Structure formats: structure tokens, C-alpha cells
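K.L.:
My structure file work.cif, mmCIF, C-alpha atoms (C1' of nucleotides), is below:
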```cif
data_entry
#
loop_
_atom_site.label_atom_id
_atom_site.label_comp_id
_atom_site.auth_asym_id
_atom_site.auth_seq_id
_atom_site.Cartn_x
_atom_site.Cartn_y
_atom_site.Cartn_z
CA MET A 47 31.28 -15.22 42.68
CA TYR A 48 29.19 -12.12 42.31
CA THR A 49 25.88 -12.44 40.54
CA ARG A 50 24.10 -9.30 39.56
CA PRO A 51 20.74 -9.39 41.35
CA ARG A 52 17.66 -10.14 39.25
CA SER A 53 16.30 -6.84 40.43
CA TYR A 54 19.06 -4.95 38.62
CA HIS A 55 16.69 -2.42 37.24
CA HIS A 56 14.88 -1.57 40.43
CA GLY A 57 15.00 2.14 40.75
CA ASP A 58 17.14 2.31 37.69
CA LEU A 59 15.08 0.87 34.88
CA ARG A 60 15.24 4.16 33.06
CA ALA A 61 19.02 4.16 32.93
CA ALA A 62 19.10 0.46 32.11
CA LEU A 63 16.74 1.03 29.19
CA LEU A 64 18.91 3.77 27.77
CA THR A 65 22.09 1.74 28.13
CA ARG A 66 20.60 -1.35 26.53
CA ALA A 67 18.97 0.70 23.78
CA GLU A 68 22.28 2.17 22.81
CA GLU A 69 23.90 -1.25 22.71
CA THR A 70 21.18 -2.49 20.42
CA LEU A 71 21.50 0.57 18.24
CA ARG A 72 25.21 0.00 17.94
CA GLU A 73 25.01 -3.72 17.34
CA LYS A 74 21.88 -4.18 15.29
CA GLY A 75 20.88 -0.81 13.95
CA PRO A 76 17.91 1.46 14.56
CA ALA A 77 15.39 -0.76 12.80
CA ALA A 78 16.00 -3.54 15.31
CA LEU A 79 15.27 -1.38 18.32
CA SER A 80 12.02 -2.49 19.90
CA LEU A 81 10.62 -1.52 23.27
CA ARG A 82 9.33 -5.01 23.82
CA GLU A 83 12.67 -6.61 23.16
CA LEU A 84 14.36 -4.09 25.44
CA ALA A 85 11.95 -5.00 28.20
CA ARG A 86 12.55 -8.71 27.58
CA ASP A 87 16.31 -8.22 27.75
CA LEU A 88 16.00 -6.44 31.06
CA GLY A 89 13.58 -8.95 32.49
CA VAL A 90 10.60 -6.64 32.93
CA SER A 91 7.18 -6.72 31.40
CA HIS A 92 6.69 -5.09 28.02
CA ALA A 93 4.61 -2.36 29.60
CA ALA A 94 7.22 -1.36 32.15
CA PRO A 95 9.17 1.04 29.90
CA SER A 96 6.12 3.25 29.57
CA ARG A 97 6.59 4.23 33.21
CA HIS A 98 9.80 5.97 32.21
CA PHE A 99 9.25 6.98 28.60
CA LYS A 100 5.81 7.93 27.44
CA ASP A 101 6.47 6.37 24.07
CA LYS A 102 9.25 5.10 21.84
CA GLN A 103 10.05 8.55 20.53
CA ALA A 104 10.60 9.78 24.08
CA LEU A 105 13.21 7.09 24.56
CA LEU A 106 14.90 8.03 21.29
CA ASP A 107 14.90 11.68 22.32
CA ALA A 108 16.50 10.80 25.63
CA LEU A 109 19.08 8.73 23.82
CA ALA A 110 19.90 11.63 21.52
CA LEU A 111 20.22 13.84 24.55
CA THR A 112 22.84 11.62 26.14
CA GLY A 113 24.60 11.65 22.77
CA PHE A 114 24.77 15.43 22.68
CA ASP A 115 26.00 15.49 26.26
CA ARG A 116 28.77 13.03 25.55
CA LEU A 117 29.71 14.87 22.38
CA ALA A 118 30.02 18.11 24.34
CA THR A 119 32.15 16.37 26.93
CA ALA A 120 34.42 14.88 24.29
CA LEU A 121 34.84 18.21 22.53
CA LYS A 122 35.57 20.00 25.75
CA ALA A 123 38.11 17.37 26.73
CA SER A 124 39.83 17.79 23.37
CA GLN A 125 40.63 21.39 24.26
CA GLU A 126 42.26 20.68 27.58
CA GLY A 127 45.97 21.16 28.08
CA LEU A 128 46.39 22.80 24.70
CA GLY A 129 48.32 25.91 23.80
CA GLU A 130 46.53 28.97 22.55
CA SER A 131 47.20 28.38 18.87
CA PHE A 132 43.94 28.32 16.99
CA ALA A 133 45.27 25.89 14.42
CA GLU A 134 46.16 23.46 17.18
CA ARG A 135 42.80 23.82 18.87
CA LEU A 136 40.89 23.42 15.62
CA ASP A 137 42.86 20.30 14.82
CA ALA A 138 41.97 18.79 18.19
CA MET A 139 38.31 19.71 17.91
CA VAL A 140 37.96 18.28 14.42
CA ARG A 141 39.61 15.04 15.45
CA ALA A 142 37.38 14.78 18.50
CA TYR A 143 34.23 15.34 16.45
CA VAL A 144 35.22 12.87 13.77
CA GLY A 145 36.26 10.37 16.42
CA PHE A 146 32.88 10.65 18.08
CA ALA A 147 31.13 10.26 14.74
CA LEU A 148 33.07 7.12 13.88
CA GLY A 149 32.56 5.62 17.32
CA ASN A 150 28.85 6.49 17.45
CA ALA A 151 27.71 6.50 13.85
CA VAL A 152 24.15 5.36 14.33
CA LEU A 153 23.66 7.48 17.42
CA LEU A 154 24.89 10.58 15.59
CA ASP A 155 22.42 9.85 12.82
CA LEU A 156 19.69 9.66 15.41
CA MET A 157 20.86 12.88 17.05
CA TYR A 158 20.55 14.82 13.84
CA SER A 159 17.50 13.18 12.36
CA ILE A 160 15.48 14.01 15.43
CA LYS A 161 15.62 17.64 14.44
CA HIS A 162 13.55 16.79 11.41
CA ASP A 163 10.79 16.67 13.94
CA PRO A 164 9.44 20.21 14.38
CA GLU A 165 8.61 19.67 18.05
CA ALA A 166 12.11 18.91 19.30
CA SER A 167 12.16 19.20 23.05
CA GLU A 168 13.68 22.19 24.77
CA ALA A 169 16.17 19.93 26.49
CA LEU A 170 17.39 18.75 23.13
CA VAL A 171 17.74 22.25 21.78
CA ALA A 172 19.63 23.23 24.92
CA ALA A 173 21.99 20.27 24.55
CA THR A 174 22.68 21.24 20.97
CA GLU A 175 23.53 24.75 21.99
CA ARG A 176 25.77 23.58 24.80
CA TRP A 177 28.20 22.00 22.42
CA SER A 178 27.86 24.43 19.58
CA ASP A 179 28.91 27.09 22.04
CA LEU A 180 32.26 25.34 22.18
CA LEU A 181 32.71 25.88 18.48
CA VAL A 182 31.63 29.49 18.78
CA GLU A 183 34.20 30.09 21.53
CA LEU A 184 36.88 28.56 19.37
CA ILE A 185 36.01 30.81 16.47
CA VAL A 186 35.80 34.01 18.48
CA GLU A 187 39.16 33.22 20.03
CA GLY A 188 40.64 32.43 16.61
CA GLN A 189 39.46 35.78 15.32
CA ARG A 190 40.83 37.58 18.38
CA ARG A 191 44.22 36.02 17.72
CA GLY A 192 44.09 36.98 14.08
CA GLU A 193 44.23 33.39 12.88
CA LEU A 194 40.72 33.55 11.43
CA ARG A 195 39.31 36.12 9.07
CA ALA A 196 36.93 38.78 10.35
CA GLY A 197 33.18 38.52 9.98
CA THR A 198 30.20 37.49 12.05
CA THR A 199 30.63 34.34 14.06
CA GLU A 200 27.99 32.81 11.88
CA SER A 201 29.53 33.70 8.54
CA VAL A 202 32.87 32.24 9.63
CA GLY A 203 31.50 29.43 11.77
CA VAL A 204 28.84 27.91 9.55
CA PRO A 205 31.25 26.91 6.77
CA ILE A 206 33.68 25.46 9.29
CA PHE A 207 30.95 23.55 11.03
CA ALA A 208 29.59 22.33 7.70
CA THR A 209 33.01 20.95 6.72
CA LEU A 210 33.54 19.32 10.06
CA HIS A 211 30.09 17.82 10.15
CA GLY A 212 30.12 16.79 6.51
CA TYR A 213 33.40 14.94 6.78
CA ALA A 214 32.34 13.20 9.99
CA ASN A 215 29.06 12.22 8.41
CA LEU A 216 30.61 10.90 5.22
CA ALA A 217 33.21 8.95 7.14
CA ALA A 218 30.60 7.50 9.49
CA THR A 219 28.26 6.41 6.70
CA GLY A 220 31.08 4.92 4.67
CA MET A 221 30.63 7.29 1.74
CA LEU A 222 34.28 8.18 1.38
CA PRO A 223 36.52 6.38 -1.09
CA PRO A 224 37.53 3.10 0.53
CA ASP A 225 41.23 3.92 0.65
CA THR A 226 40.63 7.14 2.56
CA ASP A 227 42.91 7.22 5.56
CA GLU A 228 44.31 9.53 8.20
CA ARG A 229 45.71 11.80 5.54
CA ALA A 230 42.21 12.71 4.38
CA LEU A 231 41.52 14.18 7.79
CA ASP A 232 44.74 16.21 7.59
CA ASP A 233 43.60 17.45 4.18
CA VAL A 234 40.28 18.53 5.61
CA ILE A 235 41.87 20.41 8.49
CA ALA A 236 44.29 22.21 6.21
CA PHE A 237 41.43 22.99 3.84
CA ILE A 238 39.45 24.69 6.58
CA LEU A 239 42.15 27.28 6.96
CA ARG A 240 43.37 27.85 3.44
CA GLY A 241 40.56 26.62 1.15
CA ALA A 242 40.94 24.89 -2.17
CA ALA A 243 42.29 27.73 -4.28
CA PRO A 244 45.96 27.65 -5.32
CA GLU A 245 48.80 29.03 -3.16
CA MET B 161 -15.35 13.79 -15.89
CA TYR B 162 -12.35 11.53 -15.98
CA THR B 163 -12.10 8.89 -13.32
CA ARG B 164 -8.83 7.11 -12.95
CA PRO B 165 -9.54 3.44 -13.53
CA ARG B 166 -9.53 1.16 -10.49
CA SER B 167 -6.88 -0.86 -12.24
CA TYR B 168 -4.43 2.06 -12.12
CA HIS B 169 -1.59 -0.13 -10.93
CA HIS B 170 -1.95 -2.89 -13.48
CA GLY B 171 1.40 -3.43 -15.02
CA ASP B 172 2.73 -0.50 -13.09
CA LEU B 173 2.30 -1.35 -9.44
CA ARG B 174 6.03 -1.16 -8.90
CA ALA B 175 6.24 2.44 -10.08
CA ALA B 176 3.06 3.35 -8.23
CA LEU B 177 4.50 1.95 -5.00
CA LEU B 178 7.66 4.01 -5.36
CA THR B 179 5.77 7.20 -6.14
CA ARG B 180 3.37 6.77 -3.26
CA ALA B 181 6.17 5.77 -0.90
CA GLU B 182 8.02 8.96 -1.64
CA GLU B 183 4.92 11.05 -1.05
CA THR B 184 4.45 9.39 2.32
CA LEU B 185 8.08 9.91 3.16
CA ARG B 186 7.81 13.57 2.32
CA GLU B 187 4.52 14.15 4.10
CA LYS B 188 4.67 11.92 7.12
CA GLY B 189 8.26 10.88 7.62
CA PRO B 190 10.05 7.56 7.37
CA ALA B 191 8.49 6.09 10.52
CA ALA B 192 5.04 6.30 8.95
CA LEU B 193 5.99 4.33 5.87
CA SER B 194 4.27 0.96 5.93
CA LEU B 195 3.94 -1.55 3.13
CA ARG B 196 0.43 -2.41 4.20
CA GLU B 197 -0.70 1.19 4.13
CA LEU B 198 0.93 1.68 0.75
CA ALA B 199 -0.98 -1.30 -0.57
CA ARG B 200 -4.22 0.03 0.90
CA ASP B 201 -3.68 3.43 -0.69
CA LEU B 202 -3.18 1.84 -4.08
CA GLY B 203 -6.10 -0.51 -3.70
CA VAL B 204 -4.23 -3.78 -3.80
CA SER B 205 -3.90 -6.51 -1.24
CA HIS B 206 -1.23 -6.17 1.40
CA ALA B 207 0.70 -9.04 -0.12
CA ALA B 208 0.85 -7.54 -3.59
CA PRO B 209 3.96 -5.39 -3.02
CA SER B 210 6.02 -8.49 -2.37
CA ARG B 211 5.68 -9.33 -6.06
CA HIS B 212 7.79 -6.26 -6.83
CA PHE B 213 9.98 -5.83 -3.76
CA LYS B 214 11.15 -8.84 -1.85
CA ASP B 215 10.89 -6.92 1.40
CA LYS B 216 10.57 -3.44 2.80
CA GLN B 217 14.29 -2.79 2.60
CA ALA B 218 14.24 -3.57 -1.12
CA LEU B 219 11.65 -0.87 -1.59
CA LEU B 220 13.73 1.59 0.41
CA ASP B 221 16.79 0.71 -1.64
CA ALA B 222 14.87 1.30 -4.85
CA LEU B 223 13.68 4.62 -3.48
CA ALA B 224 17.23 5.65 -2.63
CA LEU B 225 18.26 4.65 -6.12
CA THR B 226 15.72 6.97 -7.74
CA GLY B 227 17.01 9.65 -5.39
CA PHE B 228 20.60 9.25 -6.55
CA ASP B 229 19.45 9.27 -10.15
CA ARG B 230 17.51 12.48 -9.71
CA LEU B 231 20.38 14.05 -7.81
CA ALA B 232 22.75 13.21 -10.65
CA THR B 233 20.31 14.68 -13.14
CA ALA B 234 19.94 17.87 -11.13
CA LEU B 235 23.68 18.29 -10.75
CA LYS B 236 24.27 17.66 -14.43
CA ALA B 237 21.57 20.17 -15.35
CA SER B 238 23.21 22.76 -13.10
CA GLN B 239 26.31 22.65 -15.29
CA GLU B 240 24.57 23.27 -18.55
CA GLY B 241 25.01 26.51 -20.45
CA LEU B 242 27.72 27.69 -18.09
CA GLY B 243 31.02 29.30 -18.93
CA GLU B 244 34.25 27.52 -18.18
CA SER B 245 35.01 29.38 -14.98
CA PHE B 246 35.48 26.91 -12.17
CA ALA B 247 34.15 29.35 -9.59
CA GLU B 248 30.96 29.72 -11.57
CA ARG B 249 30.56 25.98 -12.04
CA LEU B 250 31.23 25.27 -8.37
CA ASP B 251 28.67 27.86 -7.38
CA ALA B 252 26.03 26.23 -9.56
CA MET B 253 26.84 22.74 -8.35
CA VAL B 254 26.70 23.71 -4.69
CA ARG B 255 23.38 25.46 -5.16
CA ALA B 256 21.98 22.47 -7.01
CA TYR B 257 23.08 20.07 -4.28
CA VAL B 258 21.74 22.22 -1.47
CA GLY B 259 18.52 22.77 -3.39
CA PHE B 260 18.07 19.04 -3.79
CA ALA B 261 18.78 18.49 -0.10
CA LEU B 262 16.22 21.07 0.98
CA GLY B 263 13.61 19.75 -1.42
CA ASN B 264 14.22 16.11 -0.53
CA ALA B 265 15.43 16.15 3.05
CA VAL B 266 14.05 12.83 4.22
CA LEU B 267 14.93 11.09 0.98
CA LEU B 268 18.52 12.32 1.21
CA ASP B 269 18.70 11.00 4.73
CA LEU B 270 17.51 7.66 3.45
CA MET B 271 20.00 7.73 0.59
CA TYR B 272 22.93 8.14 2.92
CA SER B 273 21.79 6.01 5.81
CA ILE B 274 21.42 3.03 3.53
CA LYS B 275 25.16 2.90 3.22
CA HIS B 276 25.34 2.01 6.89
CA ASP B 277 24.23 -1.35 5.65
CA PRO B 278 27.30 -3.33 4.62
CA GLU B 279 25.49 -5.15 1.84
CA ALA B 280 24.49 -2.14 -0.22
CA SER B 281 23.45 -3.30 -3.65
CA GLU B 282 25.71 -2.88 -6.64
CA ALA B 283 23.11 -0.72 -8.31
CA LEU B 284 23.23 1.67 -5.40
CA VAL B 285 26.99 1.86 -5.43
CA ALA B 286 26.88 2.49 -9.16
CA ALA B 287 24.34 5.29 -8.73
CA THR B 288 26.54 6.90 -6.10
CA GLU B 289 29.51 6.81 -8.41
CA ARG B 290 27.53 8.21 -11.30
CA TRP B 291 26.96 11.49 -9.54
CA SER B 292 30.22 11.68 -7.66
CA ASP B 293 31.91 11.46 -11.06
CA LEU B 294 30.37 14.84 -11.80
CA LEU B 295 32.18 16.32 -8.84
CA VAL B 296 35.41 14.64 -9.85
CA GLU B 297 35.14 16.09 -13.35
CA LEU B 298 34.56 19.52 -11.92
CA ILE B 299 37.64 19.25 -9.74
CA VAL B 300 39.93 17.92 -12.42
CA GLU B 301 38.78 20.71 -14.71
CA GLY B 302 39.31 23.29 -11.96
CA GLN B 303 42.84 22.05 -11.46
CA ARG B 304 43.53 22.12 -15.18
CA ARG B 305 42.43 25.73 -15.31
CA GLY B 306 44.61 26.58 -12.34
CA GLU B 307 41.67 27.65 -10.20
CA LEU B 308 42.17 24.79 -7.77
CA ARG B 309 45.33 23.80 -5.99
CA ALA B 310 47.27 20.76 -7.12
CA GLY B 311 47.01 17.39 -5.42
CA THR B 312 45.20 14.12 -5.92
CA THR B 313 41.56 14.41 -6.84
CA GLU B 314 40.79 12.85 -3.52
CA SER B 315 42.82 15.20 -1.38
CA VAL B 316 41.24 18.23 -3.03
CA GLY B 317 37.80 16.73 -3.60
CA VAL B 318 37.04 15.17 -0.23
CA PRO B 319 37.17 18.46 1.70
CA ILE B 320 35.02 20.17 -0.91
CA PHE B 321 32.51 17.38 -0.92
CA ALA B 322 32.48 17.33 2.88
CA THR B 323 31.68 21.05 3.00
CA LEU B 324 29.00 20.79 0.37
CA HIS B 325 27.40 17.76 1.95
CA GLY B 326 27.72 19.07 5.48
CA TYR B 327 26.04 22.37 4.69
CA ALA B 328 23.25 20.65 2.77
CA ASN B 329 22.73 18.22 5.60
CA LEU B 330 22.68 20.89 8.29
CA ALA B 331 20.29 23.02 6.30
CA ALA B 332 18.01 20.08 5.58
CA THR B 333 17.86 18.94 9.21
CA GLY B 334 17.29 22.43 10.50
CA MET B 335 20.52 22.56 12.49
CA LEU B 336 21.63 25.95 11.27
CA PRO B 337 20.90 29.10 13.24
CA PRO B 338 17.30 30.05 12.48
CA ASP B 339 18.20 33.35 10.84
CA THR B 340 20.52 31.69 8.35
CA ASP B 341 19.63 32.84 4.86
CA GLU B 342 20.94 32.99 1.32
CA ARG B 343 24.05 34.78 2.49
CA ALA B 344 25.17 31.71 4.44
CA LEU B 345 25.33 29.77 1.21
CA ASP B 346 27.43 32.52 -0.36
CA ASP B 347 29.74 32.33 2.64
CA VAL B 348 30.10 28.60 2.20
CA ILE B 349 30.93 28.89 -1.48
CA ALA B 350 33.52 31.59 -0.86
CA PHE B 351 34.95 29.52 1.98
CA ILE B 352 35.51 26.54 -0.27
CA LEU B 353 37.93 28.53 -2.35
CA ARG B 354 39.73 30.67 0.16
CA GLY B 355 39.26 28.98 3.54
CA ALA B 356 38.80 30.65 6.88
CA ALA B 357 42.26 32.10 7.41
CA PRO B 358 42.70 35.87 7.04
CA GLU B 359 43.39 37.53 3.66
"C1'" DA C 62 5.50 4.33 43.01
"C1'" DC C 63 6.29 0.73 40.04
"C1'" DC C 64 5.14 -3.11 37.59
"C1'" DT C 65 2.05 -6.94 35.39
"C1'" DG C 66 -1.15 -9.21 32.09
"C1'" DA C 67 -4.46 -8.90 28.88
"C1'" DA C 68 -6.28 -6.49 25.09
"C1'" DC C 69 -6.30 -3.71 20.78
"C1'" DA C 70 -4.94 -2.22 16.44
"C1'" DC C 71 -1.40 -2.36 13.88
"C1'" DC C 72 3.05 -4.35 11.40
"C1'" DG C 73 6.22 -7.49 7.76
"C1'" DT C 74 6.48 -11.82 5.67
"C1'" DT C 75 5.04 -16.22 3.81
"C1'" DC C 76 2.27 -19.34 1.21
"C1'" DA C 77 -1.44 -21.91 -0.68
"C1'" DA C 78 -4.88 -20.78 -3.76
"C1'" DG C 79 -7.19 -18.31 -7.33
"C1'" DT C 80 -7.46 -15.89 -12.27
"C1'" DA D 96 2.39 -13.46 -14.40
"C1'" DC D 97 0.07 -11.23 -10.93
"C1'" DC D 98 -2.76 -10.92 -7.15
"C1'" DT D 99 -5.69 -12.55 -2.93
"C1'" DG D 100 -6.79 -14.18 1.83
"C1'" DA D 101 -5.49 -16.34 5.70
"C1'" DA D 102 -1.98 -17.23 8.93
"C1'" DC D 103 2.12 -16.33 11.87
"C1'" DA D 104 5.05 -13.91 14.77
"C1'" DC D 105 5.97 -9.77 15.87
"C1'" DC D 106 5.11 -4.51 17.12
"C1'" DG D 107 3.56 0.07 20.23
"C1'" DT D 108 0.23 1.64 23.33
"C1'" DT D 109 -3.31 1.55 26.84
"C1'" DC D 110 -5.43 0.25 31.08
"C1'" DA D 111 -7.34 -2.24 34.87
"C1'" DA D 112 -5.32 -4.68 38.42
"C1'" DG D 113 -1.85 -6.10 41.57
"C1'" DT D 114 2.14 -5.22 45.32
#
```
Output the file's structure as C-alpha cells, nothing else.

P.N.:
Amino acid sequence: MYTRPRSYHHGDLRAALLTRAEETLREKGPAALSLRELARDLGVSHAAPSRHFKDKQALLDALALTGFDRLATALKASQEGLGESFAERLDAMVRAYVGFALGNAVLLDLMYSIKHDPEASEALVAATERWSDLLVELIVEGQRRGELRAGTTESVGVPIFATLHGYANLAATGMLPPDTDERALDDVIAFILRGAAPE
Amino acid sequence: MYTRPRSYHHGDLRAALLTRAEETLREKGPAALSLRELARDLGVSHAAPSRHFKDKQALLDALALTGFDRLATALKASQEGLGESFAERLDAMVRAYVGFALGNAVLLDLMYSIKHDPEASEALVAATERWSDLLVELIVEGQRRGELRAGTTESVGVPIFATLHGYANLAATGMLPPDTDERALDDVIAFILRGAAPE
DNA sequence: ACCTGAACACCGTTCAAGT
DNA sequence: ACCTGAACACCGTTCAAGT
């Protein structure tokens, strides 16, 4: 029978801290995340984490960073093996984003609330851009194909992103009417293209 | 020269705690909010707040509640003295919501993140419904006037609310491109009605 | 390099006791 | 009723010291 060695974290305490921190976040919420408890869980002294993260905020930043990376990966994956139809690609991207939000509600909250902080790290800004580029590509391509109206990428993209993000956020925080189901997501996707006016 | 009496909080410590807590939230962020510091600022013992809020979460809940109340008031005010045009009313409501979000970014975050907690108080749920009713009214009226497409209130309202909330949230957390200005809000409002498809 | 153990200045919460 | 003061079990952070 294999027993994971007591020295599990040797050379990898940093990664172990991040993994455990995310579990705690998911299971017990952000308020319950304590460096000391993390250290206890991993069997190291309470001062050990400071070797890898200068303070608690640094750990949270790193956690947000992994979140943005995984979000980018998920969004990219959603576009693979698809036809060129913009409607189809948008549908896949929206579902991927909402899926990530539902599966990582607290982490997503953390990812976005970190920006409240004026001194967000460069790495974090870069990670944000990496995935928002995916949305930009989608929009430019949609315009090229004539499936999206003309206009600057920003003027077309910001409303789409707002809708996407808003729905994901509402769903993840449980603010939608309780009987909201799959159909609501279909409504949102259709809305992005044709709006709420009649016809 | 008037000197505020030392006994400022007598009979009103509860309100004083909420007021001061919101100031702290606004000025120093949610992480810096401590019951003990609040008590110090108001010149009472650190145990005094527990007379009015059973724990820290209760104070945060109460704070969120005042937030929802003020949001409802602001949204209601935005509809006063307007014509019957749905487009006009929507415009005013969106601007009011976004204005509130920008002016109360951290509080809004608090208001929505509290719902993560499964045991949100009845009062909080009621406050949420009070303002979301305003949006429902607007939508029903828009449909009656033929300015909004047919469909259940939910299927039409959820996408609109998602867009509204998403834009406000992005703007408040500084996630929009730095050069985003007033025009972006106009784009969002136009988008709600006509979508992103051509024509 | 990486970690420990003790120390410091903070927390939130509880509870007897005061007025 | 409302508040105090002490106590308890936690924090995050720092720093000399160990291997």
C-alpha cells in the first residue's frame, strides 16, 4: 500500500499551498482561509508559507492567477473543433464561461475583487489580457463574417462581455430566480445577438 | 464651538456602527473592517457592538441590507418625472444602477457575495426582491407598450439584468479597458434593445 | 535554501460584573 | 437595558536560530 511520504511538500510547498488553499476556498469560503491552518494541514510550521508568499495577499494573487490561466484554457478549449459560424462559437464560449463560473464561484469572485486593489501585479494584468484576447478574436472574426454589427471592438465587445459576465456572476452567486434552468442560458445567448426589442 | 458629546452613540450605537463600518469599507476595503477598531473609533468597549450585532457577519448583513434599500431608492428615483417611453426609462434605470455601482463598489460586492451564504436572512431576500420588482415592472410595461419582445418576464428580464449587472460590476472593479468612457454606457444601453447582430 | 519556534500585535467571541 | 474588562482561542507577520 502506497503512503504519501510525510515530506510531500518538500520542494513543492508552494504548489501544495495553492492546491490546499483552493480546496478550502471551495469548501469553506474565503473567510475560513488562514495561512496558519493551511500550514497545519500540510504539516509545516506556520511560518513556512512566508518562504513562498510574502504575505496572505500574495497567495491570493497567485490563486487568482491560476484561476485566470484555467479560465483561458477552458475558453480556448471551447473553441476547438468548431465550425466557423460565429453564433456557434459564441454559444460555446458563453457556456464555457458560465460553466467555469458555476464550478469556481468563490475563485471567480476572488479573481475579480483583486482588481479593486490599485496595485494589481503585472502578471495578473497579463493573465487577464490573455483570456480577454480570446473574446476579442471572436468578435473580430464575427464582424469579418458579417454576423456582428460594425463598430470598434470595444463598442461591440464590452456589451457582450458585460452580458456574459453578468449572467455568470448572477448564476454563481445564486441571484437568479430559483427556477432558472438551462433555458435561461439559451435566452441570454439569443439576446446577445438580437437584443430585447421586438422582431 | 460645538463639540460632539462623548456619549454620541448612546441609544444610537447600532446606527453609528453601520455608518462607520461603511466609511471604513469605502476608504480601506473590506479586509480592514474590524469590530474592535470600529468600537475604538466610536469610543466604546470592544464588546459593546455585540449588544447590537450578534457577530461580525450580522453587521455585514445589516450593511448589505442598507445597501439594497438605498439601491432600490435610487432606482425608484430614476424613474420619477419620466415619460412613458420604455427606452427612456431603461436608460435612466441603467444609469442609476451603474452610478450606484461606481459610487458603492465595495458595498455592492458585499451585497452580492453575501448570497453565497446559503442561510441569507429573510430580510435580505426581501430587500433583493423589493428592488428587482422595479425591474420587473419596467419590463412588463415595456412589453405592454410593444417596445420589448414577448415572452415570460424571466426570459426577457434575466438577459437585461445580466447585462446591466455585468457592466456595472466590470466598471466598478476596473475590468473595463482604461479608456472606456460615457460612450461605453450608451453602447450597452443600445445593445440591450437591438443586440449585437447587424442591422 | 528551507524550515522552526518564539514573540508581537492584532483579531472575534464570550461572560461575569458593573451602572 | 447597555456597557465594561478580562479571558480565550485564534490570526498574520517577523526574526533569530537551526539543518

K.L.:
Output as a Markdown table one row per residue of chain B within 10 Å of chain D: the closest atom pair and its distance in Å to one decimal place, counting all atoms listed in the file, sorted by chain and residue number ascending.

P.N.:
```
| residue | atom | partner | partner_atom | distance |
| --- | --- | --- | --- | --- |
| B:His170 | CA | D:DC97 | C1' | 9.0 |
| B:Gly171 | CA | D:DC97 | C1' | 8.9 |
| B:Val204 | CA | D:DC98 | C1' | 8.0 |
| B:Ser205 | CA | D:DT99 | C1' | 6.5 |
| B:His206 | CA | D:DT99 | C1' | 8.9 |
| B:Ala207 | CA | D:DT99 | C1' | 7.8 |
| B:Ala208 | CA | D:DC98 | C1' | 6.1 |
| B:Pro209 | CA | D:DC98 | C1' | 9.6 |
| B:Arg211 | CA | D:DC97 | C1' | 7.7 |
```

K.L.:
Would you compute the distance between atom CA of Ala199 of chain B and atom CA of Leu177 of chain B? Give it in Å to one decimal.

P.N.:
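According to the coordinates, atom CA of Ala199 of chain B and atom CA of Leu177 of chain B are separated by 7.8 Å.
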
K.L.:
Can you spell out as a ChimeraX atom specification the set of residues that the PyMOL selection byres ((chain B) within 7 of (chain A)) selects in the structure I just provided?

P.N.:
/B:272-273,275-276,307-309,315-316,319,322-323,325-327,333-334,344,347-348,351-359

K.L.:
If we count all atoms listed in the file, what is near Ser238 of chain B at a cut-off of 10 Å, once residues fewer than 4 positions away on the same chain are taken out, given as number ranges by chain?

P.N.:
B: 232-234, 242, 249-257

K.L.:
Residues picked by the PyMOL selection byres ((chain A and resi 99-114) around 9) here, as JSON, numbers by chain?

P.N.:
{"A": [60, 63, 64, 65, 67, 68, 80, 81, 95, 96, 97, 98, 115, 116, 117, 118, 119, 150, 153, 154, 156, 157, 158, 160, 166, 167, 169, 170, 173, 174, 176, 177], "D": [107, 108]}

K.L.:
Take atom CA of Arg180 of chain B and atom CA of Leu198 of chain B and report the distance between them in Å, one decimal.

P.N.:
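Straight-line distance from atom CA of Arg180 of chain B to atom CA of Leu198 of chain B works out to 6.9 Å.
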
K.L.:
What does the distance from atom CA of Leu184 of chain A to atom CA of Phe132 of chain A come to in Å, to one decimal?

P.N.:
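Computing the Euclidean distance for atom CA of Leu184 of chain A and atom CA of Phe132 of chain A yields 7.5 Å.
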